[in-house]
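J.: Before anything else, here's the structure in question.
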Amino acid sequence: MTTLKRCSTRARQVRNAIGESATVFLKDVGHGLLEVSHNMLALLGLLLVAAAVFTLGKPEFRHAAETTVLGWLQARHEARAEPAELLAAQLSEPDAINRATATDPKELTRQQAAVAHWISRRYRVAPEPISRLVQEAWNVGQRAGLDPTLILAIMAVESSFNPFAQSTVGAQGLMQVMTKIHDDKYEAFGGNLAAFDPVTNLRVGVQVLKECIARAGSLEAGLRYYVGAANLEDDGGYAGKVLAEQNNLRMVAGGKSVPANVALISVSAPAAAASAAQRPAAQPAVAPAHEVEPPEQVAYLR
């Protein structure tokens, strides 16, 4: 029995020793793995920091990273946004005002503002875009040596201040210039589509008008050239209508009271040149001028 007890005791001691050895071994292995993991994580962190420093040091990489982050943030924002807010955000364009053809009438001189408001009432168009055109007519007219009221009168008769107007023969824009014929003049503005930019159309139209007057030798004959009736017996009253509207605009610019619905009756050049103070007050119109169809503008002269 004593021998059996000793053997049993020895066996327990051996098992305990093996268990303790295994425990110590596993603890050592665990500590080793933990240490290795810490070292690996530290190394990975150092690599990430180094990569970040390298990336931030390169403008193109930094821009790409910023774009990616902003795109991710924007996607998260859009995912939480309401449909109406999302649509408004997608359609927003803060710089759109830069391409608007408009000016506050308060920025004009008193003379220009009077003309702008009168045209606005007469042709039922907003005063802000008209103010921009009036301002441009004054600036371009001064450079070209043309009366700004003449430029505005041509726009009135040709298109009733519709910048997208087009005649059956292809005359386009405010001053109804033949875009295909005068495409060389639009090259300085980026191409033919600039015909539908109001300011560009005005500037090209003034160039054509100036050439027409120079070739014809007089204002009234130049207007006949402008409308493409130089070789015709009758221009359909076009020159007289332009001069009549110019006279109305001159009177408005001079501080005279002119009804917005005054009749657009053709007048001759000498009559249009008369002083506003010497002319009788204009009579009410049978119909506003904007309801009268403008003639087909051709302006074939290069």
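Going by the structure tokens order, chains are called A, B, ..., each with residues numbered from 1, while ligands are numbered from 1 in the order shown.
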Tell me which protein, DNA and RNA residues are within 10 Å of Trp138 in chain A, counting only C-alpha atoms, leaving out same-chain ones fewer than 3 positions away, and put them as a list in words.

T.: Gln112, Leu133, Val134, Gln135, Gly141, Gln142, Arg143, Ala144, Leu146, Asp147, Pro148, Thr149, Ile151 and Leu152 of chain A

J.: Pick out the residues sitting within 7 Å of Ala239 in chain A, and hand them over as a PDB file with N, CA, C and O atoms, in the first residue's frame; count only C-alpha atoms, and ignore anything fewer than 4 positions along from it in its own chain.

T.:
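The resulting file, out.pdb, is shown below:
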ATOM      1  N   GLU A 220     -30.240 107.678 -93.006  1.00  0.00           N
ATOM      2  CA  GLU A 220     -31.444 107.039 -93.534  1.00  0.00           C
ATOM      3  C   GLU A 220     -31.091 106.002 -94.600  1.00  0.00           C
ATOM      4  O   GLU A 220     -31.640 104.890 -94.607  1.00  0.00           O
ATOM      5  N   LEU A 223     -29.692 102.918 -92.949  1.00  0.00           N
ATOM      6  CA  LEU A 223     -30.735 102.055 -92.386  1.00  0.00           C
ATOM      7  C   LEU A 223     -31.350 101.174 -93.472  1.00  0.00           C
ATOM      8  O   LEU A 223     -31.715 100.026 -93.227  1.00  0.00           O
ATOM      9  N   ARG A 224     -31.459 101.712 -94.679  1.00  0.00           N
ATOM     10  CA  ARG A 224     -31.973 100.906 -95.786  1.00  0.00           C
ATOM     11  C   ARG A 224     -30.994  99.763 -96.107  1.00  0.00           C
ATOM     12  O   ARG A 224     -31.406  98.643 -96.390  1.00  0.00           O
ATOM     13  N   LEU A 243     -36.288 105.883 -87.034  1.00  0.00           N
ATOM     14  CA  LEU A 243     -36.057 107.285 -86.711  1.00  0.00           C
ATOM     15  C   LEU A 243     -37.148 107.829 -85.794  1.00  0.00           C
ATOM     16  O   LEU A 243     -36.883 108.663 -84.919  1.00  0.00           O
TER      17      LEU A 243
END

J.: I'd like to know which residues of range 57-230 of chain A are strand (DSSP E or B) (by DSSP, run on the backbone); could you write them as number ranges by chain?

T.: A: 166, 171-172, 177-178

J.: Quick one: residues within 10 Å of Leu150 in chain A, only C-alpha atoms, excluding same-chain residues fewer than 3 positions away - as a list of chain:residue names?

T.: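 Within the cut-off, the hits are A:Ala137, A:Gly141, A:Leu146, A:Asp147, A:Ala153, A:Ile154, A:Met155, A:Ala156, A:Val206, A:Leu219, A:Val242, A:Leu243, A:Ala244, A:Glu245, A:Gln246, A:Asn247, A:Leu249, A:Arg250.
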
J.: For those residues, write C-alpha atoms to a file as an mmCIF file, in the first residue's frame.

T.:
data_model
loop_
_atom_site.group_PDB
_atom_site.id
_atom_site.type_symbol
_atom_site.label_atom_id
_atom_site.label_comp_id
_atom_site.auth_asym_id
_atom_site.auth_seq_id
_atom_site.Cartn_x
_atom_site.Cartn_y
_atom_site.Cartn_z
ATOM 1 C CA ALA A 137 -25.745 101.277 -75.884
ATOM 2 C CA GLY A 141 -22.384 104.360 -79.023
ATOM 3 C CA LEU A 146 -23.411 106.658 -82.888
ATOM 4 C CA ASP A 147 -26.293 108.051 -80.903
ATOM 5 C CA ALA A 153 -34.405 102.218 -81.567
ATOM 6 C CA ILE A 154 -33.079 99.556 -83.954
ATOM 7 C CA MET A 155 -33.395 96.908 -81.246
ATOM 8 C CA ALA A 156 -36.937 98.085 -80.561
ATOM 9 C CA VAL A 206 -23.398 98.269 -84.109
ATOM 10 C CA LEU A 219 -28.169 107.687 -91.735
ATOM 11 C CA VAL A 242 -36.422 103.509 -86.524
ATOM 12 C CA LEU A 243 -36.057 107.285 -86.711
ATOM 13 C CA ALA A 244 -39.470 107.787 -85.102
ATOM 14 C CA GLU A 245 -38.578 105.511 -82.203
ATOM 15 C CA GLN A 246 -35.217 107.209 -81.871
ATOM 16 C CA ASN A 247 -37.012 110.527 -81.613
ATOM 17 C CA LEU A 249 -36.153 107.923 -76.964
ATOM 18 C CA ARG A 250 -34.420 111.275 -77.433
#

J.: Between A:Gly255, A:Asn248, A:Ile130, A:Ala221, which has the minimum distance to Asp235 in chain A (counting only C-alpha atoms)?

T.: A:Ala221

J.: Excluding Ser120 in chain A and residues on its chain fewer than 3 positions from it, collect all residues at most 12 Å away from it, counting only C-alpha atoms, and give them as a ChimeraX atom specification.

T.: /A:105,113-117,123-134,156,160-161,260-261,290

J.: Return as a ChimeraX atom specification the full set of residues in range 31-184 of chain A whose backbone-based DSSP assignment is alpha helix (DSSP H).

T.: /A:31-56,59-80,83-91,110-123,127-144,148-159,183-184

J.: Using C-alpha atoms, can you export the residues from the last selection as a CSV table (one decimal), in the first residue's frame?

T.:
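Result went into result28.csv, see below:
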chain,number,residue,atom,x,y,z
A,31,HIS,CA,3.2,37.3,-24.2
A,32,GLY,CA,5.4,36.7,-27.2
A,33,LEU,CA,2.4,37.0,-29.6
A,34,LEU,CA,1.2,40.1,-27.8
A,35,GLU,CA,4.6,41.7,-28.1
A,36,VAL,CA,4.9,40.8,-31.7
A,37,SER,CA,1.4,42.2,-32.3
A,38,HIS,CA,2.3,45.5,-30.6
A,39,ASN,CA,5.4,45.7,-32.7
A,40,MET,CA,3.5,45.0,-35.9
A,41,LEU,CA,0.9,47.6,-35.0
A,42,ALA,CA,3.6,50.1,-34.2
A,43,LEU,CA,5.3,49.4,-37.5
A,44,LEU,CA,2.0,49.6,-39.4
A,45,GLY,CA,1.3,53.0,-37.7
A,46,LEU,CA,4.7,54.3,-38.7
A,47,LEU,CA,4.1,53.1,-42.3
A,48,LEU,CA,0.7,54.9,-42.3
A,49,VAL,CA,2.2,58.1,-40.9
A,50,ALA,CA,5.0,58.0,-43.4
A,51,ALA,CA,2.5,57.4,-46.3
A,52,ALA,CA,0.4,60.3,-45.0
A,53,VAL,CA,3.4,62.6,-44.9
A,54,PHE,CA,4.5,61.6,-48.4
A,55,THR,CA,0.9,62.0,-49.7
A,56,LEU,CA,0.4,65.4,-48.1
A,59,PRO,CA,-0.2,68.5,-54.3
A,60,GLU,CA,-1.8,66.0,-56.7
A,61,PHE,CA,-2.0,63.3,-54.1
A,62,ARG,CA,-3.3,65.8,-51.5
A,63,HIS,CA,-6.0,67.0,-54.0
A,64,ALA,CA,-7.1,63.4,-54.7
A,65,ALA,CA,-7.3,62.6,-51.0
A,66,GLU,CA,-9.4,65.8,-50.3
A,67,THR,CA,-11.7,65.0,-53.2
A,68,THR,CA,-12.2,61.5,-52.0
A,69,VAL,CA,-13.0,62.6,-48.4
A,70,LEU,CA,-15.3,65.4,-49.6
A,71,GLY,CA,-17.1,63.0,-51.9
A,72,TRP,CA,-17.6,60.6,-49.0
A,73,LEU,CA,-18.9,63.4,-46.8
A,74,GLN,CA,-21.1,64.7,-49.5
A,75,ALA,CA,-22.6,61.2,-50.1
A,76,ARG,CA,-23.3,60.8,-46.4
A,77,HIS,CA,-24.9,64.3,-46.3
A,78,GLU,CA,-27.1,63.5,-49.4
A,79,ALA,CA,-28.1,60.2,-47.9
A,80,ARG,CA,-29.6,62.0,-44.9
A,83,PRO,CA,-35.5,65.0,-51.5
A,84,ALA,CA,-36.4,68.7,-51.9
A,85,GLU,CA,-33.1,69.8,-50.2
A,86,LEU,CA,-31.2,67.3,-52.3
A,87,LEU,CA,-32.6,68.6,-55.5
A,88,ALA,CA,-32.0,72.2,-54.5
A,89,ALA,CA,-28.4,71.3,-53.7
A,90,GLN,CA,-27.9,69.5,-57.0
A,91,LEU,CA,-29.3,72.5,-59.0
A,110,ARG,CA,-30.7,109.8,-64.6
A,111,GLN,CA,-30.9,110.1,-68.4
A,112,GLN,CA,-30.2,106.4,-68.9
A,113,ALA,CA,-32.6,105.3,-66.1
A,114,ALA,CA,-35.4,107.4,-67.7
A,115,VAL,CA,-34.8,105.7,-71.1
A,116,ALA,CA,-34.6,102.2,-69.4
A,117,HIS,CA,-37.9,102.6,-67.5
A,118,TRP,CA,-39.7,103.9,-70.6
A,119,ILE,CA,-38.5,101.0,-72.7
A,120,SER,CA,-39.5,98.6,-69.9
A,121,ARG,CA,-43.0,99.9,-69.9
A,122,ARG,CA,-43.4,100.2,-73.6
A,123,TYR,CA,-42.1,96.7,-74.5
A,127,PRO,CA,-36.1,97.0,-66.2
A,128,GLU,CA,-32.9,95.2,-65.1
A,129,PRO,CA,-31.9,93.6,-68.4
A,130,ILE,CA,-33.0,96.7,-70.3
A,131,SER,CA,-30.9,98.8,-68.0
A,132,ARG,CA,-27.9,96.7,-69.0
A,133,LEU,CA,-28.6,97.2,-72.6
A,134,VAL,CA,-29.1,100.9,-72.2
A,135,GLN,CA,-25.8,101.1,-70.4
A,136,GLU,CA,-24.1,99.2,-73.2
A,137,ALA,CA,-25.7,101.3,-75.9
A,138,TRP,CA,-24.3,104.4,-74.3
A,139,ASN,CA,-20.8,102.9,-73.9
A,140,VAL,CA,-20.7,101.4,-77.4
A,141,GLY,CA,-22.4,104.4,-79.0
A,142,GLN,CA,-19.7,106.6,-77.6
A,143,ARG,CA,-16.9,104.4,-79.0
A,144,ALA,CA,-18.6,104.0,-82.4
A,148,PRO,CA,-27.2,105.4,-78.3
A,149,THR,CA,-30.9,106.2,-78.9
A,150,LEU,CA,-30.4,105.0,-82.5
A,151,ILE,CA,-29.0,101.7,-81.3
A,152,LEU,CA,-31.9,101.2,-78.9
A,153,ALA,CA,-34.4,102.2,-81.6
A,154,ILE,CA,-33.1,99.6,-84.0
A,155,MET,CA,-33.4,96.9,-81.2
A,156,ALA,CA,-36.9,98.1,-80.6
A,157,VAL,CA,-38.1,97.9,-84.2
A,158,GLU,CA,-36.1,94.7,-85.0
A,159,SER,CA,-36.9,92.4,-82.1
A,183,ASP,CA,-19.9,85.0,-88.7
A,184,ASP,CA,-16.4,86.6,-89.0

J.: Here is a test: counting only C-alpha atoms, which residue of A:Ala230, A:Val24, A:Met175, A:Ile181 is nearest to Gly217 in chain A?

T.: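 Ranking A:Ala230, A:Val24, A:Met175, A:Ile181 by distance to Gly217 in chain A, first place goes to A:Ala230.
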
J.: Write out as a compact mmCIF listing (two decimals) with all heavy atoms, in the first residue's frame each polymer residue whose atoms come within 12 Å of Arg99 in chain A, counting only C-alpha atoms; drop sequence neighbours fewer than 2 positions from it.

T.:
# COMPACT_ATOMS: atom_id res chain seq x y z
N GLU A 93 -26.15 76.88 -58.14
CA GLU A 93 -24.99 77.38 -58.89
C GLU A 93 -24.75 78.83 -58.47
O GLU A 93 -25.25 79.76 -59.10
CB GLU A 93 -25.24 77.29 -60.39
CG GLU A 93 -24.00 77.60 -61.22
CD GLU A 93 -24.27 77.50 -62.71
OE1 GLU A 93 -25.38 77.10 -63.09
OE2 GLU A 93 -23.37 77.86 -63.49
N PRO A 94 -23.99 79.05 -57.41
CA PRO A 94 -23.80 80.40 -56.87
C PRO A 94 -23.22 81.40 -57.87
O PRO A 94 -23.46 82.60 -57.74
CB PRO A 94 -22.84 80.18 -55.70
CG PRO A 94 -23.03 78.75 -55.30
CD PRO A 94 -23.31 78.03 -56.59
N ASP A 95 -22.48 80.92 -58.87
CA ASP A 95 -21.85 81.83 -59.84
C ASP A 95 -22.75 82.15 -61.02
O ASP A 95 -22.33 82.85 -61.95
CB ASP A 95 -20.55 81.22 -60.36
CG ASP A 95 -19.51 81.07 -59.25
OD1 ASP A 95 -19.57 81.87 -58.30
OD2 ASP A 95 -18.66 80.17 -59.34
N ALA A 96 -23.99 81.67 -61.02
CA ALA A 96 -24.88 81.89 -62.16
C ALA A 96 -25.14 83.37 -62.40
O ALA A 96 -25.36 83.80 -63.54
CB ALA A 96 -26.22 81.17 -61.94
N ILE A 97 -25.08 84.17 -61.36
CA ILE A 97 -25.35 85.61 -61.50
C ILE A 97 -24.34 86.27 -62.42
O ILE A 97 -24.61 87.32 -63.03
CB ILE A 97 -25.37 86.29 -60.11
CG1 ILE A 97 -25.94 87.70 -60.23
CG2 ILE A 97 -23.96 86.29 -59.51
CD1 ILE A 97 -26.16 88.36 -58.89
N THR A 101 -27.49 88.96 -67.80
CA THR A 101 -27.41 90.26 -68.46
C THR A 101 -28.41 91.18 -67.78
O THR A 101 -29.56 91.31 -68.20
CB THR A 101 -27.72 90.13 -69.96
OG1 THR A 101 -26.85 89.17 -70.54
CG2 THR A 101 -27.55 91.46 -70.67
N ALA A 102 -27.98 91.80 -66.71
CA ALA A 102 -28.88 92.66 -65.94
C ALA A 102 -28.07 93.66 -65.12
O ALA A 102 -26.94 93.38 -64.72
CB ALA A 102 -29.76 91.81 -65.01
N THR A 103 -28.67 94.82 -64.89
CA THR A 103 -28.06 95.88 -64.10
C THR A 103 -29.15 96.57 -63.30
O THR A 103 -30.27 96.75 -63.79
CB THR A 103 -27.35 96.91 -65.00
OG1 THR A 103 -26.27 96.28 -65.68
CG2 THR A 103 -26.81 98.08 -64.20
N PRO A 129 -32.63 93.85 -67.17
CA PRO A 129 -31.89 93.55 -68.40
C PRO A 129 -31.89 94.74 -69.37
O PRO A 129 -30.90 94.96 -70.07
CB PRO A 129 -32.62 92.34 -68.99
CG PRO A 129 -33.94 92.30 -68.31
CD PRO A 129 -33.74 92.90 -66.95
N ASP A 197 -26.24 86.06 -77.10
CA ASP A 197 -25.85 86.84 -75.93
C ASP A 197 -26.23 88.28 -76.24
O ASP A 197 -25.72 88.87 -77.20
CB ASP A 197 -24.34 86.73 -75.68
CG ASP A 197 -23.88 87.75 -74.65
OD1 ASP A 197 -24.46 87.79 -73.55
OD2 ASP A 197 -22.95 88.52 -74.96
N PRO A 198 -27.11 88.90 -75.46
CA PRO A 198 -27.63 90.24 -75.80
C PRO A 198 -26.53 91.28 -76.03
O PRO A 198 -26.59 92.04 -76.99
CB PRO A 198 -28.51 90.59 -74.60
CG PRO A 198 -28.91 89.27 -74.03
CD PRO A 198 -27.75 88.37 -74.24
N VAL A 199 -25.54 91.31 -75.15
CA VAL A 199 -24.49 92.32 -75.27
C VAL A 199 -23.67 92.09 -76.54
O VAL A 199 -23.34 93.03 -77.27
CB VAL A 199 -23.60 92.32 -74.02
CG1 VAL A 199 -22.39 93.21 -74.22
CG2 VAL A 199 -24.39 92.76 -72.79

J.: CA of Ile213 in chain A to CA of Lys180 in chain A: how many Å, to one decimal?

T.: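 Going from CA of Ile213 in chain A over to CA of Lys180 in chain A, I get 20.9 Å.
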